[in-house]
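**Student:** Handing you this structure, nothing more for now.
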Amino acid sequence: MIRYFSTLALALAAAFLTPQVKAEKVMIYREGQLVNPQDVAAVLGKTRSIRLLDVEPAASAAPAAPAAPVALTPSAKFTAVAAASLAKTSARVSAAAPVAHDDPDTDTAALSLPVHFAFGSADILPAAGTQLDALADGIKLLPPNSIVTVEGHTDAAGSDAYNLELSRVRARAVRDYLVQHNGIEAARLKTVGYGESRPIEGSDPYAALNRRVQFRGS
C-alpha cells in the first residue's frame, strides 16, 4: 500500500512538473475556399507558430467573398506513433491540442491545403490546382531568399511506414508542382512527411480531413 501511494505521488508530481508546450497555430483551408496570396505571404513570412481553418461552410445569401477561415489549434508537440496498435492509438490522442479560436492574422506561421491526390499515389488531381496556384502567388511575394517547408500528412488508414512514405512523396509532388507550374525555385522549397502522426485535433484519425499538405515559412 505504501508503495502504491508513493508511486501515485511520483506520477502526480511528474504531471505537474512537466513543462507545458506552447501550442502553435496553423491556418487550414478547406476544400473550395479561396486562398489569398497576401494572406499566404503574411503567414509564411513568419517563422514560428501554426493555425487552422474551420470547416463550417458559410451560408452566403449572395455571391460575396468567401468566408474567412476559422482558427483551430494543434499542439506544437506531436507524439510519435508507436508500432503496437494500442500505443499507436495513444500517440494519436496525445498529438492533439486544445482548440482555440483566434484572429487569422495573429501568431500564424503555417497554413494547410486539402490537396487532393489519386488514391494511394502522389498524383495531384486537377481540383487542387486553384489553391496551389494561389499559394504560389503568395510565395512569390516573399523575399527571394525565403524558404518554405512543404509538409505531407495522411490519415490513419494503412501502416505507419506506408503512410510516412506516402506523405513524403506527396510533399515532393507538391513541391514539383510549384516548381514546374508556377516557376518557384526548387531551392526555396524543402519537403518533409509526417505520415499519420499529426492528425487535426478533435478529428477521427481516419477522416479525410487529415489528408493534407501544410506549408511553413523557415
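Residue numbers start at 1 in each chain; chains themselves are named A, B, ... in the order of the C-alpha cells; ligands are numbered from 1 in the order shown.
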Need to verify the contact set: region 126-133 of chain A, 6 Å, only C-alpha atoms, exclusion of same-chain residues closer than 6 positions in sequence. Can you return it as number ranges by chain?
**Tutor:** A: 35, 115-116
**Student:** Write out as an NGL selection string each polymer residue whose atoms come within 8 Å of region 216-218 of chain A, counting only C-alpha atoms; drop sequence neighbours fewer than 2 positions from it.
**Tutor:** :A and (43-48 or 109-111 or 146-151 or 214)
**Student:** Tell me, as a PyMOL selection string, which residues lie within 9 Å of region 183-188 of chain A, counting only C-alpha atoms; anything in the same chain fewer than 3 positions away does not count.
**Tutor:** chain A and resi 136+139-140+144-149+175-176+178-180
**Student:** At what distance in Å, to one decimal, does CA of Tyr194 (chain A) lie from CA of Asn182 (chain A)?
**Tutor:**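 One can read the CA of Asn182 (chain A) to CA of Tyr194 (chain A) distance as 25.1 Å.
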**Student:** Do you know which residues are at most 12 Å from Asp155 (chain A) counting only C-alpha atoms, after dropping those on the same chain fewer than 5 positions away, and could you put them as a VMD selection string?
**Tutor:** chain A and resid 92 120 160 162 to 164 166 to 167 194 to 200 203 to 213
**Student:** In Å, with one decimal, what is the gap from CA of Ala134 (chain A) to CA of Pro37 (chain A)?
**Tutor:**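 Here the two named atoms are 5.6 Å from each other.
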